[in-house]
Amino acid sequence: MLVLTWPIEEGKGIEDFLAAKNNGVITASKALETLCTNAGPLSCVLRECDLEFVELELTRAHLKPVKLAQLARLLAPSLKVSAETLKRSIQTESEQRDAELVNPEPWPEPVDGAKLADEIVTVLRRHVVMGQQKANAIALWIFLTYLEAAVDCLPILVIRSPEKRCGKSTLLDVLGRLVNKQLQSSNCSVAAIYRIIEKLHPTLLIDEVDTWLKDNEEARGVINSGHTRGSAFVLRCNKDSGEPERFSTWAPKVLAGIGRLSDTLVDRSITITLERRKPTDEITKLRDANSDQFNRIRQQLIRWATDHLEEIKEARPTIPVTLNDREGDNWFPLLAIAGQIGEDWKTKAEAAAQTLSGSDDAETVPTQVLVALKGIYDQFKDEDFLPTSKIVEELNQERDCPWADWKNGMTDAKLGQILGQFGIKSKRPTIEIEEASTKGSTTVKKKVSGYYREHLEPVFERYIYTAPSVTPEK
């Protein structure tokens with residue numbers, strides 16, 4: 001491998017360098033040709049002052065011992081150190097980073113789960129403004145990070161807000177002091193996600209997901225795959241041998257960002273929405289927090305999880321009827337944990353589940369369109385057929401919906417695309433409609449595009465979740 005070099009004052013990057021040359025006497029192609037002619041091996045480019053940089057980059061690379069030894073022998077002479085010293089320094093740094101994920105010793109005595117959960121809620125609300133239900137849900141999710149070996153579903157904890165300065169980063173910092181083997185980041189490559197999970201099995205706390213995850217379908221797929229134990233793997237080919245390798249994606253994950261995430265992520269998540277605190281809301285800054293309390297809570301969480309691991313494996317909690325199937329999957333492990341904590345916390349967990357997840361927040365845009373469409377047909381209950389123009393007009397009256405932010409709102413074409421996903425096509429029957437004229441309104445017969453109620457009702461029944469009625473006990 002050869003490295004191109006040029007004076008830093010001639011450009012920070014190669015594009016700057018070539019652009020500068022192109023504006024001068026030398027053409028860009030000639031300048032590039034000269035760079036290639038003068039290129040040299042990496043070992044000839046490095047200087048003694050680059051030692052710290054090389055150590056950092058090789059530590060981040062997580063190289064196998066053989067490759068690390070090869071690179072150390074190649075680079076050490078230019079850095080004025082021995083190959084063994086360079087290799088040992090990088091290995092020591094890697095070990096120190098890995099050691100940060102090691103948990104403290106378990107609490108020496110049995111732990112009262114209810115008191116511990118109540119204390120976690122108090123800590124959360126001391127540092128971040130949030131309601132009781134949200135704090136209860138987060139506390140149970142923190143317990144879950146220590147019990148991932150006992151469950152078959154790991155719901156993502158999503159922390160979102162409509163704007164900046166709503167407490168997301170603070171909540172992430174609090175979680176980082178409480179969850180099992182925390183690993184925080186504000187950005188992740190796809191490969192880094194599954195490789196770090198495979199190697200360290202941490203709890204991933206990822207901030208700024210609105211900037212790097214929004215259009216990254218591959219990353220979303222990797223994160224989604226870790227929702228259930230049976231599918232929590234990705235397959236990749238080894239870049240050197242070409243052999244396929246399997247990497248685990250089974251790890252608790254927190255995703256924090258502004259705005260709404262993709263429907264597939266939301267569907268696998270318990271979402272906590274934070275709002276900017278009022279001037280009258282009082283919180284305690286994390287810099288003033290008692291670090292000993294956080295450490296003790298972690299020790300007690302480890303002990304409680306160890307003592308109740310088998311019970312959690314066998315638990316079969318009752319799912320509130322207001323939750324749909326996916327919401328029930330997400331809350332199943334948290335309800336199981338709450339049931340082991342105590343009867344009071346079982347009630348709290350059920351209330352939190354119905355408050356945070358028993359809503360349209362978990363529905364996709366197409367499903368929300370169906371819900372709104374059913375409301376329109378219920379409004380015009382005497383009409384078996386509604387023109388597309390009338391449906392679109394009614395849909396665009398709703399302001400608190402995703403299509404309210406679309407360019408031109410809902411249109412005939414967009415409605416057709418959405419309903420087409422469910423196998424519904426518009427029809428063009430001849431119907432009587434009223435038309436305005438200079439002599440007043442007249443009734444005429446015209447072919448009009450629209451949708452029949454009877455074609456939509458089977459789709460409403462399948463895709464719009466309605467909680468089953470419960471007959472009270474006598």
# chains A, B, ... in the order shown; residues from 1 in each chain; ligands from 1
>>> select_by_dssp(residues="segment 53-222 of chain A", states="strand (DSSP E)", output="PyMOL selection string")
chain A and resi 156-161+182-185+203-206
>>> write_last_selection(atoms="N, CA and C atoms", output="mmCIF file, in the first residue's frame")
data_model
loop_
_atom_site.group_PDB
_atom_site.id
_atom_site.type_symbol
_atom_site.label_atom_id
_atom_site.label_comp_id
_atom_site.auth_asym_id
_atom_site.auth_seq_id
_atom_site.Cartn_x
_atom_site.Cartn_y
_atom_site.Cartn_z
ATOM 1 N N ILE A 156 -36.782 -2.134 21.936
ATOM 2 C CA ILE A 156 -35.892 -0.972 21.915
ATOM 3 C C ILE A 156 -36.508 0.115 22.785
ATOM 4 N N LEU A 157 -35.689 0.826 23.521
ATOM 5 C CA LEU A 157 -36.168 1.993 24.253
ATOM 6 C C LEU A 157 -35.868 3.219 23.393
ATOM 7 N N VAL A 158 -36.910 3.854 22.884
ATOM 8 C CA VAL A 158 -36.749 5.038 22.040
ATOM 9 C C VAL A 158 -37.019 6.283 22.878
ATOM 10 N N ILE A 159 -36.083 7.223 22.846
ATOM 11 C CA ILE A 159 -36.240 8.501 23.539
ATOM 12 C C ILE A 159 -36.293 9.572 22.459
ATOM 13 N N ARG A 160 -37.419 10.234 22.358
ATOM 14 C CA ARG A 160 -37.586 11.224 21.301
ATOM 15 C C ARG A 160 -38.126 12.519 21.880
ATOM 16 N N SER A 161 -37.955 13.583 21.097
ATOM 17 C CA SER A 161 -38.497 14.885 21.493
ATOM 18 C C SER A 161 -38.777 15.690 20.234
ATOM 19 N N GLN A 182 -23.063 -0.536 29.917
ATOM 20 C CA GLN A 182 -23.426 0.522 28.966
ATOM 21 C C GLN A 182 -22.309 0.838 27.996
ATOM 22 N N LEU A 183 -22.699 1.149 26.759
ATOM 23 C CA LEU A 183 -21.756 1.612 25.743
ATOM 24 C C LEU A 183 -22.453 2.713 24.960
ATOM 25 N N GLN A 184 -21.994 3.960 25.136
ATOM 26 C CA GLN A 184 -22.638 5.111 24.509
ATOM 27 C C GLN A 184 -21.940 5.534 23.235
ATOM 28 N N SER A 185 -22.738 6.050 22.298
ATOM 29 C CA SER A 185 -22.189 6.570 21.044
ATOM 30 C C SER A 185 -23.196 7.536 20.437
ATOM 31 N N THR A 203 -25.084 -2.897 26.579
ATOM 32 C CA THR A 203 -26.327 -2.167 26.343
ATOM 33 C C THR A 203 -25.949 -0.943 25.520
ATOM 34 N N LEU A 204 -26.435 -0.868 24.285
ATOM 35 C CA LEU A 204 -26.071 0.227 23.383
ATOM 36 C C LEU A 204 -26.956 1.442 23.636
ATOM 37 N N LEU A 205 -26.331 2.584 23.877
ATOM 38 C CA LEU A 205 -27.049 3.851 24.045
ATOM 39 C C LEU A 205 -26.605 4.764 22.915
ATOM 40 N N ILE A 206 -27.482 4.969 21.925
ATOM 41 C CA ILE A 206 -27.082 5.685 20.713
ATOM 42 C C ILE A 206 -27.874 6.978 20.583
#
>>> residues_around(residues="segment 163-177 of chain A", least_positions_apart="2", cutoff="9 Å", atoms="only C-alpha atoms", output="MDAnalysis selection string")
chainID A and resid 123:124 127:129 138 142 159:161 179:184 203 205:207 254 256:259 274:277 285:286 291 294:295 298
>>> write_last_selection(atoms="C-alpha atoms", output="PDB file, in the first residue's frame")
ATOM      1  CA  VAL A 123     -33.477   9.118  40.419  1.00  0.00           C
ATOM      2  CA  LEU A 124     -34.879   9.404  36.891  1.00  0.00           C
ATOM      3  CA  HIS A 127     -32.597  14.596  36.802  1.00  0.00           C
ATOM      4  CA  VAL A 128     -35.113  14.618  33.920  1.00  0.00           C
ATOM      5  CA  VAL A 129     -38.618  16.075  33.750  1.00  0.00           C
ATOM      6  CA  ILE A 138     -37.850   3.198  31.950  1.00  0.00           C
ATOM      7  CA  ILE A 142     -33.340  -0.844  33.153  1.00  0.00           C
ATOM      8  CA  ILE A 159     -36.240   8.501  23.539  1.00  0.00           C
ATOM      9  CA  ARG A 160     -37.586  11.224  21.301  1.00  0.00           C
ATOM     10  CA  SER A 161     -38.497  14.885  21.493  1.00  0.00           C
ATOM     11  CA  VAL A 179     -27.991  -0.095  32.804  1.00  0.00           C
ATOM     12  CA  ASN A 180     -26.002  -3.273  32.379  1.00  0.00           C
ATOM     13  CA  LYS A 181     -22.616  -2.805  30.618  1.00  0.00           C
ATOM     14  CA  GLN A 182     -23.426   0.522  28.966  1.00  0.00           C
ATOM     15  CA  LEU A 183     -21.756   1.612  25.743  1.00  0.00           C
ATOM     16  CA  GLN A 184     -22.638   5.111  24.509  1.00  0.00           C
ATOM     17  CA  THR A 203     -26.327  -2.167  26.343  1.00  0.00           C
ATOM     18  CA  LEU A 205     -27.049   3.851  24.045  1.00  0.00           C
ATOM     19  CA  ILE A 206     -27.082   5.685  20.713  1.00  0.00           C
ATOM     20  CA  ASP A 207     -27.790   9.415  20.434  1.00  0.00           C
ATOM     21  CA  VAL A 254     -31.582   2.835  23.408  1.00  0.00           C
ATOM     22  CA  ALA A 256     -32.423   8.889  21.089  1.00  0.00           C
ATOM     23  CA  GLY A 257     -33.238  11.602  18.579  1.00  0.00           C
ATOM     24  CA  ILE A 258     -35.521  14.408  17.457  1.00  0.00           C
ATOM     25  CA  GLY A 259     -38.731  13.555  15.659  1.00  0.00           C
ATOM     26  CA  LEU A 274     -39.689  14.146  26.366  1.00  0.00           C
ATOM     27  CA  GLU A 275     -40.649  17.806  26.348  1.00  0.00           C
ATOM     28  CA  ARG A 276     -38.692  20.932  27.210  1.00  0.00           C
ATOM     29  CA  ARG A 277     -39.027  21.708  30.893  1.00  0.00           C
ATOM     30  CA  LYS A 285     -27.794  18.513  37.516  1.00  0.00           C
ATOM     31  CA  LEU A 286     -25.937  15.250  36.988  1.00  0.00           C
ATOM     32  CA  SER A 291     -21.949   8.517  42.143  1.00  0.00           C
ATOM     33  CA  PHE A 294     -25.553   4.860  41.057  1.00  0.00           C
ATOM     34  CA  ASN A 295     -22.912   2.220  41.788  1.00  0.00           C
ATOM     35  CA  ARG A 298     -26.167  -1.297  39.771  1.00  0.00           C
TER      36      ARG A 298
END
>>> residues_around(residues="Asn330 of chain A", least_positions_apart="2", cutoff="8 Å", atoms="only C-alpha atoms", output="VMD selection string")
chain A and resid 153 to 155 268 to 270 326 to 328 332 to 334
>>> residues_around(residues="segment 385-391 of chain A", least_positions_apart="5", cutoff="8 Å", atoms="only C-alpha atoms", output="number ranges by chain")
A: 373, 376, 412, 448-453
>>> atom_distance(atom1="atom CA of Lys30 of chain A", atom2="atom CA of Gly11 of chain A")
16.3 Å
>>> closest_residue(among="A:Trp212, A:Glu33, A:Leu140, A:Asp50", to="Val81 of chain A", atoms="only C-alpha atoms")
A:Asp50
>>> residues_around(residues="Trp6 of chain A", least_positions_apart="4", cutoff="9 Å", atoms="only C-alpha atoms", output="PyMOL selection string")
chain A and resi 10-11+14+17+35
>>> write_last_selection(atoms="C-alpha atoms", output="PDB file, in the first residue's frame")
ATOM      1  CA  GLU A  10      -1.540  23.201   0.083  1.00  0.00           C
ATOM      2  CA  GLY A  11      -4.829  21.662   1.165  1.00  0.00           C
ATOM      3  CA  ILE A  14      -6.905  15.856  -1.813  1.00  0.00           C
ATOM      4  CA  PHE A  17      -5.059  20.180  -3.122  1.00  0.00           C
ATOM      5  CA  LEU A  35       1.594  12.661  -6.202  1.00  0.00           C
TER       6      LEU A  35
END
>>> residues_around(residues="segment 194-200 of chain A", least_positions_apart="3", cutoff="6 Å", atoms="only C-alpha atoms", output="PyMOL selection string")
chain A and resi 191+247-249
